[in-house]
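A.B. asks: Got a structure for you, protein_35.txt, holding compact mmCIF, C-alpha atoms.
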# COMPACT_ATOMS: atom_id res chain seq x y z
CA MET O 1 -10.35 -4.85 31.05
CA GLU O 2 -7.60 -2.27 30.51
CA LYS O 3 -8.11 -2.41 26.74
CA LEU O 4 -11.85 -1.86 27.15
CA ALA O 5 -11.22 1.07 29.51
CA ARG O 6 -8.75 2.62 27.07
CA TRP O 7 -11.23 2.36 24.18
CA LEU O 8 -14.00 3.88 26.29
CA ARG O 9 -11.63 6.81 26.93
CA PHE O 10 -10.99 7.08 23.17
CA LEU O 11 -14.76 7.47 22.78
CA GLY O 12 -14.79 10.21 25.43
CA TYR O 13 -16.11 8.26 28.41
CA PRO O 14 -14.08 8.29 31.65
CA ALA O 15 -13.09 4.76 32.59
CA TYR O 16 -10.85 3.42 35.31
CA THR O 17 -9.58 -0.01 36.15
CA ILE O 18 -9.24 -1.26 39.69
CA LYS O 19 -6.10 -3.19 40.49
CA GLY O 20 -5.13 -4.94 43.68
CA LYS O 21 -7.26 -5.01 46.81
CA VAL O 22 -10.45 -3.00 46.73
CA SER O 23 -12.05 -1.25 49.67
CA LEU O 24 -15.76 -1.09 48.92
CA LYS O 25 -16.06 1.74 51.45
CA LYS O 26 -13.88 3.99 49.25
CA LEU O 27 -15.95 3.55 46.07
CA LYS O 28 -18.12 6.42 44.87
CA PRO O 29 -21.80 5.69 45.51
CA ASP O 30 -22.79 6.62 41.94
CA ALA O 31 -20.01 4.58 40.28
CA VAL O 32 -20.90 2.22 37.45
CA PHE O 33 -18.89 -0.98 37.21
CA ILE O 34 -18.11 -3.16 34.25
CA THR O 35 -16.60 -6.50 35.14
CA THR O 36 -15.73 -9.90 33.75
CA SER O 37 -16.03 -11.50 37.19
CA ARG O 38 -19.33 -13.07 38.16
CA ASN O 39 -18.17 -12.92 41.79
CA TRP O 40 -17.61 -9.13 41.63
CA PHE O 41 -20.83 -8.72 39.66
CA GLU O 42 -22.82 -10.38 42.43
CA ARG O 43 -20.98 -8.61 45.29
CA LEU O 44 -21.35 -5.13 43.78
CA ARG O 45 -24.96 -5.65 42.73
CA LYS O 46 -25.84 -6.97 46.18
CA ILE O 47 -24.68 -3.73 47.83
CA GLY O 48 -26.50 -1.53 45.34
CA TYR O 49 -24.01 -0.59 42.63
CA GLU O 50 -24.88 -0.55 38.96
CA VAL O 51 -22.84 -3.39 37.46
CA PHE O 52 -22.59 -4.75 33.93
CA LEU O 53 -21.08 -8.19 33.28
CA VAL O 54 -19.12 -8.66 30.03
CA PRO O 55 -17.38 -11.74 28.64
CA ARG O 56 -13.79 -12.25 29.79
CA HIS O 57 -11.85 -12.88 26.58
CA ASP O 58 -13.48 -11.02 23.69
CA PHE O 59 -12.57 -7.31 23.78
CA GLU O 60 -14.55 -6.46 20.65
CA TYR O 61 -17.70 -8.05 22.05
CA GLN O 62 -17.08 -6.28 25.37
CA LEU O 63 -16.94 -2.90 23.64
CA CYS O 64 -20.04 -3.62 21.55
CA SER O 65 -21.94 -4.76 24.63
CA VAL O 66 -21.04 -1.65 26.63
CA ILE O 67 -21.88 0.69 23.74
CA LYS O 68 -25.29 -0.95 23.30
CA HIS O 69 -26.09 -1.36 27.01
CA TYR O 70 -25.30 2.26 27.89
CA ASN O 71 -26.37 3.71 24.52
CA LEU O 72 -22.97 5.34 24.02
CA LYS O 73 -22.06 7.41 21.00
CA PRO O 74 -19.54 5.21 19.12
CA GLU O 75 -17.30 7.95 17.73
CA LEU O 76 -13.66 8.68 18.44
CA SER O 77 -13.62 11.73 20.66
CA LEU O 78 -10.01 11.59 21.84
CA SER O 79 -10.85 14.19 24.47
CA LEU O 80 -9.63 12.16 27.46
CA CYS O 81 -6.19 10.86 28.36
CA ALA O 82 -5.85 7.25 27.24
CA TYR O 83 -3.97 6.50 30.47
CA CYS O 84 -5.73 8.37 33.29
CA SER O 85 -9.07 9.67 31.88
CA SER O 86 -8.23 13.34 32.54
CA PRO O 87 -9.56 15.87 30.01
CA LEU O 88 -6.93 16.71 27.41
CA ARG O 89 -5.79 20.24 26.62
CA LYS O 90 -5.09 21.32 23.03
CA VAL O 91 -1.57 22.61 22.43
CA SER O 92 0.30 23.89 19.43
CA LYS O 93 3.10 21.74 18.09
CA GLU O 94 5.50 24.57 18.88
CA GLU O 95 4.69 24.26 22.59
CA ILE O 96 5.84 20.64 22.65
CA LYS O 97 8.45 20.63 19.89
CA ASP O 98 11.24 19.51 22.23
CA LYS O 99 9.10 16.66 23.64
CA ILE O 100 8.18 14.89 20.39
CA PRO O 101 10.22 13.22 17.65
CA PRO O 102 11.14 15.48 14.69
CA ARG O 103 9.15 13.33 12.25
CA VAL O 104 6.04 13.69 14.41
CA TYR O 105 6.56 17.45 14.51
CA GLU O 106 6.66 17.53 10.71
CA GLU O 107 3.85 15.11 9.89
CA ALA O 108 1.33 14.96 12.73
CA TYR O 109 -1.44 17.37 13.67
CA ASP O 110 -4.00 18.10 16.37
CA PHE O 111 -1.79 17.87 19.46
CA THR O 112 -3.14 17.50 22.98
CA VAL O 113 -1.51 17.05 26.36
CA CYS O 114 -2.76 15.56 29.61
CA PRO O 115 -2.41 18.15 32.38
CA ASP O 116 -2.31 15.39 35.02
CA CYS O 117 0.12 12.76 33.74
CA GLY O 118 1.87 14.77 31.01
CA ALA O 119 1.13 12.34 28.17
CA ILE O 120 1.20 13.91 24.71
CA PHE O 121 -1.14 12.78 21.93
CA TRP O 122 -1.44 13.66 18.26
CA LYS O 123 -3.25 12.54 15.17
CA GLY O 124 -0.95 10.60 12.92
CA SER O 125 -1.16 7.37 10.95
CA HIS O 126 -2.43 5.51 14.04
CA TYR O 127 -5.54 7.73 14.05
CA GLU O 128 -6.75 6.28 10.75
CA ARG O 129 -6.04 2.75 12.04
CA MET O 130 -8.09 3.49 15.16
CA LYS O 131 -11.02 4.71 13.04
CA THR O 132 -10.81 1.59 10.88
CA LYS O 133 -10.65 -0.68 13.94
CA LEU O 134 -13.69 1.00 15.49
CA GLU O 135 -15.64 0.62 12.23
CA GLU O 136 -14.71 -3.08 12.11
CA ILE O 137 -15.83 -3.59 15.68
CA LEU O 138 -19.12 -1.75 15.13
CA LYS O 139 -19.93 -3.91 12.09
CA LYS O 140 -19.83 -6.94 14.40
CA CYS O 141 -22.23 -5.41 16.92
Take the structure in this file and express it as structure tokens.

C.D. replies:
Amino acid sequence: MEKLARWLRFLGYPAYTIKGKVSLKKLKPDAVFITTSRNWFERLRKIGYEVFLVPRHDFEYQLCSVIKHYNLKPELSLSLCAYCSSPLRKVSKEEIKDKIPPRVYEEAYDFTVCPDCGAIFWKGSHYERMKTKLEEILKKC
């Protein structure tokens, strides 16, 4: 589920994964859950949460299903942190020069930083691979 959550963040939709024990009392009442567990699907639905069940092993089908079910815009937004879902802040490469490799400083563009966890992101060769991967996934939908 972490891969699905990360890709939803790439599309600009906040997504979190729950690890370990879960206290249902601490969950937000308007939360939407996506799960691979029929047990969790039934438990959460029974107490009134919106829950969507996706297949366990096929990430691409999971992403397609979620995009279709929630009518999400399937475009790379890259506006949220891939790790914690916080909104990213644009920065100049000069601001982070000492925190990135020299090659990245020379070749990459469009830098952002997460104000919460400190992660730094940029558009480099991986950006084109991400776009290609998303196109491949959407063709299968």

A.B. asks: Could you tell me how far CA of Ala5 in chain O sits from CA of Leu78 in chain O, in Å to one decimal place?

C.D. replies: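 Rounded to one decimal, the two atoms are 13.1 Å apart.
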
A.B. asks: Report, in Å with one decimal, the straight-line distance from CA of Leu11 in chain O to CA of Gly118 in chain O.

C.D. replies: 19.9 Å

A.B. asks: Write out as a ChimeraX atom specification which residues come within 9 Å of Val91 in chain O when counting all atoms listed in the file, dropping same-chain ones fewer than 2 positions away.

C.D. replies: /O:89,93-96,110-113

A.B. asks: I need the residue nearest Glu75 in chain O from this list: O:Ile34, O:Val104, O:Ile120, O:Leu8. Use all atoms listed in the file for the distance.

C.D. replies: O:Leu8

A.B. asks: State, in Å with one decimal place, the distance from CA of Thr36 in chain O to CA of Phe52 in chain O.

C.D. replies: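 Those two atoms sit 8.6 Å apart.
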
A.B. asks: With only C-alpha atoms as the atoms that count, which of O:Pro101, O:Pro55, O:Pro74, O:Gly20 lies nearest to Ser37 in chain O?

C.D. replies: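 Looking at the shortest contact to Ser37 in chain O, the residue is O:Pro55.
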
A.B. asks: Any idea what's packed within 10 Å of Leu138 in chain O, counting only C-alpha atoms, ignoring anything in its chain fewer than 5 positions away? Could you give it as a compact mmCIF listing (two decimals) with C-alpha atoms, in the coordinates of the input?

C.D. replies:
# COMPACT_ATOMS: atom_id res chain seq x y z
CA GLU O 60 -14.55 -6.46 20.65
CA TYR O 61 -17.70 -8.05 22.05
CA LEU O 63 -16.94 -2.90 23.64
CA CYS O 64 -20.04 -3.62 21.55
CA ILE O 67 -21.88 0.69 23.74
CA PRO O 74 -19.54 5.21 19.12
CA THR O 132 -10.81 1.59 10.88
CA LYS O 133 -10.65 -0.68 13.94

A.B. asks: Got a minute to add N, CA and C atoms to range 98-116 of chain O and dump it as a short mmCIF file (atom, residue, chain, number, x, y, z; two decimals), in the frame of the given file?

C.D. replies:
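File out.cif, as written:
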data_model
loop_
_atom_site.label_atom_id
_atom_site.label_comp_id
_atom_site.auth_asym_id
_atom_site.auth_seq_id
_atom_site.Cartn_x
_atom_site.Cartn_y
_atom_site.Cartn_z
N ASP O 98 10.10 20.20 21.64
CA ASP O 98 11.24 19.51 22.23
C ASP O 98 10.85 18.21 22.94
N LYS O 99 9.55 17.87 22.95
CA LYS O 99 9.10 16.66 23.64
C LYS O 99 8.60 15.58 22.68
N ILE O 100 8.65 15.86 21.38
CA ILE O 100 8.18 14.89 20.39
C ILE O 100 9.27 14.65 19.36
N PRO O 101 9.23 13.50 18.70
CA PRO O 101 10.22 13.22 17.65
C PRO O 101 10.08 14.20 16.48
N PRO O 102 11.18 14.54 15.81
CA PRO O 102 11.14 15.48 14.69
C PRO O 102 10.15 15.08 13.59
N ARG O 103 10.08 13.79 13.29
CA ARG O 103 9.15 13.33 12.25
C ARG O 103 7.70 13.61 12.65
N VAL O 104 7.38 13.40 13.92
CA VAL O 104 6.04 13.69 14.41
C VAL O 104 5.75 15.18 14.28
N TYR O 105 6.72 15.99 14.62
CA TYR O 105 6.56 17.45 14.51
C TYR O 105 6.23 17.85 13.07
N GLU O 106 6.87 17.20 12.12
CA GLU O 106 6.66 17.53 10.71
C GLU O 106 5.35 16.99 10.14
N GLU O 107 4.96 15.80 10.56
CA GLU O 107 3.85 15.11 9.89
C GLU O 107 2.53 15.08 10.64
N ALA O 108 2.56 15.13 11.95
CA ALA O 108 1.33 14.96 12.73
C ALA O 108 0.60 16.29 12.92
N TYR O 109 -0.61 16.19 13.43
CA TYR O 109 -1.44 17.37 13.67
C TYR O 109 -2.35 17.14 14.87
N ASP O 110 -3.02 18.17 15.28
CA ASP O 110 -4.00 18.10 16.37
C ASP O 110 -3.39 17.54 17.65
N PHE O 111 -2.51 18.30 18.26
CA PHE O 111 -1.79 17.87 19.46
C PHE O 111 -2.57 18.21 20.72
N THR O 112 -2.53 17.27 21.67
CA THR O 112 -3.14 17.50 22.98
C THR O 112 -2.17 16.97 24.03
N VAL O 113 -2.33 17.49 25.25
CA VAL O 113 -1.51 17.05 26.36
C VAL O 113 -2.40 16.82 27.57
N CYS O 114 -2.03 15.83 28.38
CA CYS O 114 -2.76 15.56 29.61
C CYS O 114 -2.14 16.42 30.71
N PRO O 115 -2.94 17.30 31.32
CA PRO O 115 -2.41 18.15 32.38
C PRO O 115 -2.05 17.38 33.65
N ASP O 116 -2.58 16.17 33.81
CA ASP O 116 -2.31 15.39 35.02
C ASP O 116 -1.08 14.49 34.91
#
